[in-house]
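> Next up, entry.pdb (PDB, C-alpha atoms).
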```
MODEL        1
ATOM      1  CA  MET A   1      18.345  -3.797 -32.189  1.00  0.00           C
ATOM      2  CA  THR A   2      15.681  -5.874 -30.490  1.00  0.00           C
ATOM      3  CA  SER A   3      13.905  -4.876 -27.301  1.00  0.00           C
ATOM      4  CA  GLU A   4      15.901  -7.560 -25.446  1.00  0.00           C
ATOM      5  CA  ARG A   5      19.233  -5.876 -26.316  1.00  0.00           C
ATOM      6  CA  ARG A   6      18.832  -2.366 -24.954  1.00  0.00           C
ATOM      7  CA  LEU A   7      20.901   0.120 -23.027  1.00  0.00           C
ATOM      8  CA  ALA A   8      19.664   2.802 -20.685  1.00  0.00           C
ATOM      9  CA  ARG A   9      21.563   5.362 -18.672  1.00  0.00           C
ATOM     10  CA  ALA A  10      20.654   6.777 -15.316  1.00  0.00           C
ATOM     11  CA  GLU A  11      22.321   9.221 -13.004  1.00  0.00           C
ATOM     12  CA  PHE A  12      21.437  10.596  -9.631  1.00  0.00           C
ATOM     13  CA  THR A  13      22.860  12.589  -6.746  1.00  0.00           C
ATOM     14  CA  LEU A  14      22.066  11.887  -3.107  1.00  0.00           C
ATOM     15  CA  ILE A  15      23.128  14.295  -0.356  1.00  0.00           C
ATOM     16  CA  ARG A  16      22.846  13.432   3.309  1.00  0.00           C
ATOM     17  CA  ASP A  17      23.888  15.363   6.394  1.00  0.00           C
ATOM     18  CA  TYR A  18      24.943  13.049   9.213  1.00  0.00           C
ATOM     19  CA  PRO A  19      25.356  14.529  12.728  1.00  0.00           C
ATOM     20  CA  VAL A  20      28.745  12.906  13.313  1.00  0.00           C
ATOM     21  CA  PRO A  21      32.339  13.850  12.360  1.00  0.00           C
ATOM     22  CA  VAL A  22      33.738  13.051   8.913  1.00  0.00           C
ATOM     23  CA  GLU A  23      36.026  10.407  10.394  1.00  0.00           C
ATOM     24  CA  ARG A  24      33.036   8.477  11.733  1.00  0.00           C
ATOM     25  CA  VAL A  25      31.219   8.480   8.372  1.00  0.00           C
ATOM     26  CA  TRP A  26      34.463   7.629   6.565  1.00  0.00           C
ATOM     27  CA  ASN A  27      35.129   4.655   8.824  1.00  0.00           C
ATOM     28  CA  ALA A  28      31.676   3.264   8.028  1.00  0.00           C
ATOM     29  CA  PHE A  29      33.038   2.715   4.493  1.00  0.00           C
ATOM     30  CA  ALA A  30      36.750   2.154   5.167  1.00  0.00           C
ATOM     31  CA  ASP A  31      36.586  -0.345   8.043  1.00  0.00           C
ATOM     32  CA  GLU A  32      35.322  -3.826   7.146  1.00  0.00           C
ATOM     33  CA  GLN A  33      33.547  -4.544  10.433  1.00  0.00           C
ATOM     34  CA  GLU A  34      31.790  -1.192  10.349  1.00  0.00           C
ATOM     35  CA  LYS A  35      30.672  -1.647   6.750  1.00  0.00           C
ATOM     36  CA  LEU A  36      29.360  -5.127   7.537  1.00  0.00           C
ATOM     37  CA  ALA A  37      27.232  -3.605  10.309  1.00  0.00           C
ATOM     38  CA  TRP A  38      25.089  -1.489   7.970  1.00  0.00           C
ATOM     39  CA  TRP A  39      25.636  -2.542   4.335  1.00  0.00           C
ATOM     40  CA  GLY A  40      23.516  -4.978   2.409  1.00  0.00           C
ATOM     41  CA  GLY A  41      19.879  -5.337   3.315  1.00  0.00           C
ATOM     42  CA  GLY A  42      19.903  -6.503   6.922  1.00  0.00           C
ATOM     43  CA  ASP A  43      17.380  -9.233   7.691  1.00  0.00           C
ATOM     44  CA  ALA A  44      15.840  -9.070   4.199  1.00  0.00           C
ATOM     45  CA  VAL A  45      18.881 -10.813   2.704  1.00  0.00           C
ATOM     46  CA  THR A  46      20.681 -14.099   3.306  1.00  0.00           C
ATOM     47  CA  HIS A  47      24.305 -13.097   2.862  1.00  0.00           C
ATOM     48  CA  GLY A  48      26.639 -14.993   0.549  1.00  0.00           C
ATOM     49  CA  GLU A  49      30.126 -14.159  -0.703  1.00  0.00           C
ATOM     50  CA  TRP A  50      31.787 -11.109   0.870  1.00  0.00           C
ATOM     51  CA  VAL A  51      35.167  -9.619  -0.097  1.00  0.00           C
ATOM     52  CA  PHE A  52      36.487  -6.344   1.319  1.00  0.00           C
ATOM     53  CA  ASP A  53      39.717  -4.805  -0.035  1.00  0.00           C
ATOM     54  CA  PHE A  54      39.609  -1.062   0.664  1.00  0.00           C
ATOM     55  CA  ARG A  55      42.531   0.345  -1.329  1.00  0.00           C
ATOM     56  CA  VAL A  56      43.001   1.847  -4.793  1.00  0.00           C
ATOM     57  CA  GLY A  57      42.738  -1.135  -7.133  1.00  0.00           C
ATOM     58  CA  GLY A  58      41.071  -3.228  -4.431  1.00  0.00           C
ATOM     59  CA  ARG A  59      37.791  -5.044  -4.984  1.00  0.00           C
ATOM     60  CA  ASP A  60      34.677  -5.484  -2.915  1.00  0.00           C
ATOM     61  CA  ILE A  61      32.117  -8.215  -3.485  1.00  0.00           C
ATOM     62  CA  ALA A  62      28.766  -8.498  -1.748  1.00  0.00           C
ATOM     63  CA  GLU A  63      26.370 -11.258  -2.727  1.00  0.00           C
ATOM     64  CA  GLY A  64      23.058 -12.054  -1.138  1.00  0.00           C
ATOM     65  CA  THR A  65      19.747 -13.755  -1.712  1.00  0.00           C
ATOM     66  CA  PHE A  66      16.602 -11.787  -1.033  1.00  0.00           C
ATOM     67  CA  HIS A  67      14.120 -13.925   0.893  1.00  0.00           C
ATOM     68  CA  ASP A  68      11.744 -15.448  -1.630  1.00  0.00           C
ATOM     69  CA  GLY A  69      13.589 -13.565  -4.340  1.00  0.00           C
ATOM     70  CA  PRO A  70      16.644 -13.196  -6.539  1.00  0.00           C
ATOM     71  CA  VAL A  71      20.376 -13.416  -5.891  1.00  0.00           C
ATOM     72  CA  SER A  72      22.043 -10.007  -6.085  1.00  0.00           C
ATOM     73  CA  ARG A  73      25.794  -9.632  -6.672  1.00  0.00           C
ATOM     74  CA  TYR A  74      27.809  -6.409  -6.357  1.00  0.00           C
ATOM     75  CA  GLU A  75      31.442  -6.234  -7.524  1.00  0.00           C
ATOM     76  CA  ALA A  76      33.297  -2.937  -7.094  1.00  0.00           C
ATOM     77  CA  THR A  77      36.806  -1.711  -7.824  1.00  0.00           C
ATOM     78  CA  TYR A  78      38.179   1.303  -5.969  1.00  0.00           C
ATOM     79  CA  THR A  79      39.683   3.710  -8.511  1.00  0.00           C
ATOM     80  CA  ASP A  80      40.444   6.667  -6.215  1.00  0.00           C
ATOM     81  CA  ILE A  81      40.624   7.074  -2.442  1.00  0.00           C
ATOM     82  CA  VAL A  82      41.616  10.255  -0.619  1.00  0.00           C
ATOM     83  CA  GLU A  83      41.275   9.672   3.116  1.00  0.00           C
ATOM     84  CA  HIS A  84      38.380  11.541   4.737  1.00  0.00           C
ATOM     85  CA  LEU A  85      37.649  13.324   1.439  1.00  0.00           C
ATOM     86  CA  ARG A  86      36.484  10.998  -1.360  1.00  0.00           C
ATOM     87  CA  ILE A  87      36.024   7.466  -2.652  1.00  0.00           C
ATOM     88  CA  VAL A  88      35.462   6.663  -6.334  1.00  0.00           C
ATOM     89  CA  THR A  89      34.416   3.213  -7.516  1.00  0.00           C
ATOM     90  CA  THR A  90      33.300   1.442 -10.617  1.00  0.00           C
ATOM     91  CA  TYR A  91      30.908  -1.382  -9.934  1.00  0.00           C
ATOM     92  CA  ASP A  92      28.883  -4.055 -11.644  1.00  0.00           C
ATOM     93  CA  MET A  93      25.611  -5.595 -10.509  1.00  0.00           C
ATOM     94  CA  TRP A  94      24.179  -9.016 -11.352  1.00  0.00           C
ATOM     95  CA  LEU A  95      20.712 -10.339 -10.643  1.00  0.00           C
ATOM     96  CA  ASP A  96      20.306 -14.127 -10.707  1.00  0.00           C
ATOM     97  CA  GLY A  97      23.503 -14.365 -12.745  1.00  0.00           C
ATOM     98  CA  SER A  98      22.482 -11.817 -15.399  1.00  0.00           C
ATOM     99  CA  HIS A  99      24.721  -8.765 -15.774  1.00  0.00           C
ATOM    100  CA  MET A 100      22.420  -5.910 -14.849  1.00  0.00           C
ATOM    101  CA  SER A 101      24.552  -2.746 -14.905  1.00  0.00           C
ATOM    102  CA  THR A 102      27.888  -0.981 -14.700  1.00  0.00           C
ATOM    103  CA  SER A 103      28.223   2.233 -12.702  1.00  0.00           C
ATOM    104  CA  VAL A 104      30.710   4.859 -11.635  1.00  0.00           C
ATOM    105  CA  ALA A 105      30.056   6.264  -8.167  1.00  0.00           C
ATOM    106  CA  SER A 106      31.766   9.088  -6.307  1.00  0.00           C
ATOM    107  CA  LEU A 107      31.381   9.531  -2.556  1.00  0.00           C
ATOM    108  CA  GLU A 108      32.445  12.822  -0.966  1.00  0.00           C
ATOM    109  CA  PHE A 109      32.777  13.638   2.733  1.00  0.00           C
ATOM    110  CA  ASP A 110      32.622  17.308   3.733  1.00  0.00           C
ATOM    111  CA  PRO A 111      32.725  18.689   7.274  1.00  0.00           C
ATOM    112  CA  ILE A 112      29.811  20.981   8.148  1.00  0.00           C
ATOM    113  CA  ASP A 113      28.802  22.699  11.395  1.00  0.00           C
ATOM    114  CA  VAL A 114      26.462  19.866  12.387  1.00  0.00           C
ATOM    115  CA  GLY A 115      28.678  16.953  11.304  1.00  0.00           C
ATOM    116  CA  THR A 116      29.266  15.611   7.798  1.00  0.00           C
ATOM    117  CA  ARG A 117      27.711  16.328   4.433  1.00  0.00           C
ATOM    118  CA  PHE A 118      27.920  13.119   2.414  1.00  0.00           C
ATOM    119  CA  THR A 119      27.416  13.368  -1.359  1.00  0.00           C
ATOM    120  CA  HIS A 120      26.960  10.328  -3.576  1.00  0.00           C
ATOM    121  CA  ILE A 121      26.866  10.845  -7.359  1.00  0.00           C
ATOM    122  CA  GLU A 122      26.276   7.866  -9.607  1.00  0.00           C
ATOM    123  CA  HIS A 123      26.257   7.324 -13.371  1.00  0.00           C
ATOM    124  CA  GLY A 124      24.993   3.928 -14.519  1.00  0.00           C
ATOM    125  CA  VAL A 125      24.427   1.960 -17.694  1.00  0.00           C
ATOM    126  CA  PHE A 126      21.702  -0.694 -17.514  1.00  0.00           C
ATOM    127  CA  PHE A 127      21.718  -3.649 -19.871  1.00  0.00           C
ATOM    128  CA  ASP A 128      19.068  -5.496 -21.838  1.00  0.00           C
ATOM    129  CA  LYS A 129      16.088  -6.610 -19.739  1.00  0.00           C
ATOM    130  CA  PHE A 130      17.221  -4.302 -16.907  1.00  0.00           C
ATOM    131  CA  TRP A 131      17.124  -1.173 -19.071  1.00  0.00           C
ATOM    132  CA  ALA A 132      14.367   0.466 -16.975  1.00  0.00           C
ATOM    133  CA  ASP A 133      15.932  -0.198 -13.550  1.00  0.00           C
ATOM    134  CA  GLY A 134      17.614   3.199 -12.989  1.00  0.00           C
ATOM    135  CA  PRO A 135      14.918   4.481 -10.590  1.00  0.00           C
ATOM    136  CA  GLY A 136      15.151   1.250  -8.620  1.00  0.00           C
ATOM    137  CA  ARG A 137      18.905   1.727  -8.229  1.00  0.00           C
ATOM    138  CA  GLU A 138      18.386   5.191  -6.802  1.00  0.00           C
ATOM    139  CA  GLN A 139      15.742   3.864  -4.404  1.00  0.00           C
ATOM    140  CA  GLY A 140      18.016   1.022  -3.304  1.00  0.00           C
ATOM    141  CA  THR A 141      20.907   3.425  -2.740  1.00  0.00           C
ATOM    142  CA  ARG A 142      18.639   5.687  -0.669  1.00  0.00           C
ATOM    143  CA  GLY A 143      17.839   2.633   1.453  1.00  0.00           C
ATOM    144  CA  LEU A 144      21.547   1.967   1.981  1.00  0.00           C
ATOM    145  CA  PHE A 145      22.119   5.530   3.153  1.00  0.00           C
ATOM    146  CA  ASP A 146      19.071   5.336   5.434  1.00  0.00           C
ATOM    147  CA  ALA A 147      20.669   2.247   6.994  1.00  0.00           C
ATOM    148  CA  LEU A 148      23.947   4.161   7.309  1.00  0.00           C
ATOM    149  CA  GLY A 149      22.108   6.972   9.125  1.00  0.00           C
ATOM    150  CA  VAL A 150      20.602   4.493  11.587  1.00  0.00           C
ATOM    151  CA  TYR A 151      24.013   2.893  12.107  1.00  0.00           C
ATOM    152  CA  LEU A 152      25.694   6.243  12.750  1.00  0.00           C
ATOM    153  CA  GLY A 153      22.945   7.048  15.254  1.00  0.00           C
TER     154      GLY A 153
ENDMDL
END
```
Take the structure in the file and give it back as structure tokens.


Amino acid sequence: MTSERRLARAEFTLIRDYPVPVERVWNAFADEQEKLAWWGGGDAVTHGEWVFDFRVGGRDIAEGTFHDGPVSRYEATYTDIVEHLRIVTTYDMWLDGSHMSTSVASLEFDPIDVGTRFTHIEHGVFFDKFWADGPGREQGTRGLFDALGVYLG
């Protein structure tokens, strides 16, 4: 195996407490207009293709070009949805047309006294030249959930 044909695995868990009801956090994922309001890099990205099909077996696509940077493409399939409780997806990422990774992600929504405890657990496999990008994925996902927190107010 050459250094250009490598695999690496990464997993991480992110837990956030949002001071709003479960239904509000859930809708930020389940409603297309709400998801568009916080997902995907804001002003740092010129948005491209977008597909939203929130149902078991449905697919989401989010493509964007980072200013002065690469084109990122996210393609997800929903494998399990239990309203207000959990979402499970498998998703693939591409960077400038190169297949970067495949991941399984579970999102759980639990009511707590101060709002909602949101738990995201991800297991990813990174391919070839992207083999060392696991920490970057966790950082990027943290950024998404920071944006969600701002959106939820």

> Residues at most 6 Å from range 62-71 of chain A, counting all atoms listed in the file, excluding those fewer than 4 positions away in the same chain, as a short mmCIF file (atom, residue, chain, number, x, y, z; two decimals) with C-alpha atoms, in the frame of the given file?


```cif
data_model
loop_
_atom_site.label_atom_id
_atom_site.label_comp_id
_atom_site.auth_asym_id
_atom_site.auth_seq_id
_atom_site.Cartn_x
_atom_site.Cartn_y
_atom_site.Cartn_z
CA ALA A 44 15.84 -9.07 4.20
CA VAL A 45 18.88 -10.81 2.70
CA THR A 46 20.68 -14.10 3.31
CA HIS A 47 24.30 -13.10 2.86
CA GLY A 48 26.64 -14.99 0.55
CA GLU A 49 30.13 -14.16 -0.70
CA TRP A 50 31.79 -11.11 0.87
CA LEU A 95 20.71 -10.34 -10.64
CA ASP A 96 20.31 -14.13 -10.71
#
```

> So the first atom is CA of Trp38 in chain A and the second is CA of Ala132 in chain A; what is the distance between them in Å, to one decimal place?

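Pair CA of Trp38 in chain A / CA of Ala132 in chain A returns 27.2 Å.
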
> With a cut-off of 10 Å, could you pull out the residues of range 48-109 of chain A touching range 12-20 of chain A and give me the nearest pair of atoms for each, distance in Å to one decimal, using all atoms listed in the file, ordered by chain and ascending number, as JSON lines?


```
{"residue": "A:Ala105", "atom": "CA", "partner": "A:Thr13", "partner_atom": "CA", "distance": 9.7}
{"residue": "A:Ser106", "atom": "CA", "partner": "A:Thr13", "partner_atom": "CA", "distance": 9.6}
{"residue": "A:Leu107", "atom": "CA", "partner": "A:Leu14", "partner_atom": "CA", "distance": 9.6}
{"residue": "A:Glu108", "atom": "CA", "partner": "A:Ile15", "partner_atom": "CA", "distance": 9.5}
{"residue": "A:Phe109", "atom": "CA", "partner": "A:Asp17", "partner_atom": "CA", "distance": 9.8}
```

> Residues within 12 Å of Thr90 in chain A, please, as a VMD selection string. Count all atoms listed in the file; anything in the same chain fewer than 2 positions from it doesn't count.

chain A and resid 56 to 60 74 to 80 87 to 88 92 to 93 101 to 107 121 to 125

> As an exercise, work out the distance from CA of Asp113 in chain A to CA of Phe29 in chain A in Å and give it to one decimal place.

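Taking CA of Asp113 in chain A as the start and CA of Phe29 in chain A as the end point, the length is 21.6 Å.
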
> Mind giving me the axis-aligned box for range 42-58 of chain A with 6 Å on every side, centre plus edges in Å to one decimal, as JSON?


```
{"center_x": 29.4, "center_y": -6.6, "center_z": 0.3, "size_x": 39.2, "size_y": 28.8, "size_z": 26.8}
```

> Running the PyMOL selection byres ((chain A and resi 144) around 8) on this model by hand, what would come out? Give it as a list of chain:residue names.

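For this structure, the PyMOL selection byres ((chain A and resi 144) around 8) captures A:Trp38, A:Trp39, A:Gly40, A:Gly41, A:Gly140, A:Thr141, A:Arg142, A:Gly143, A:Phe145, A:Asp146, A:Ala147, A:Leu148.
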
> Mind pulling up the distance from CA of Gly136 in chain A to CA of Thr119 in chain A?

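Taking CA of Thr119 in chain A and CA of Gly136 in chain A, their separation equals 18.7 Å.
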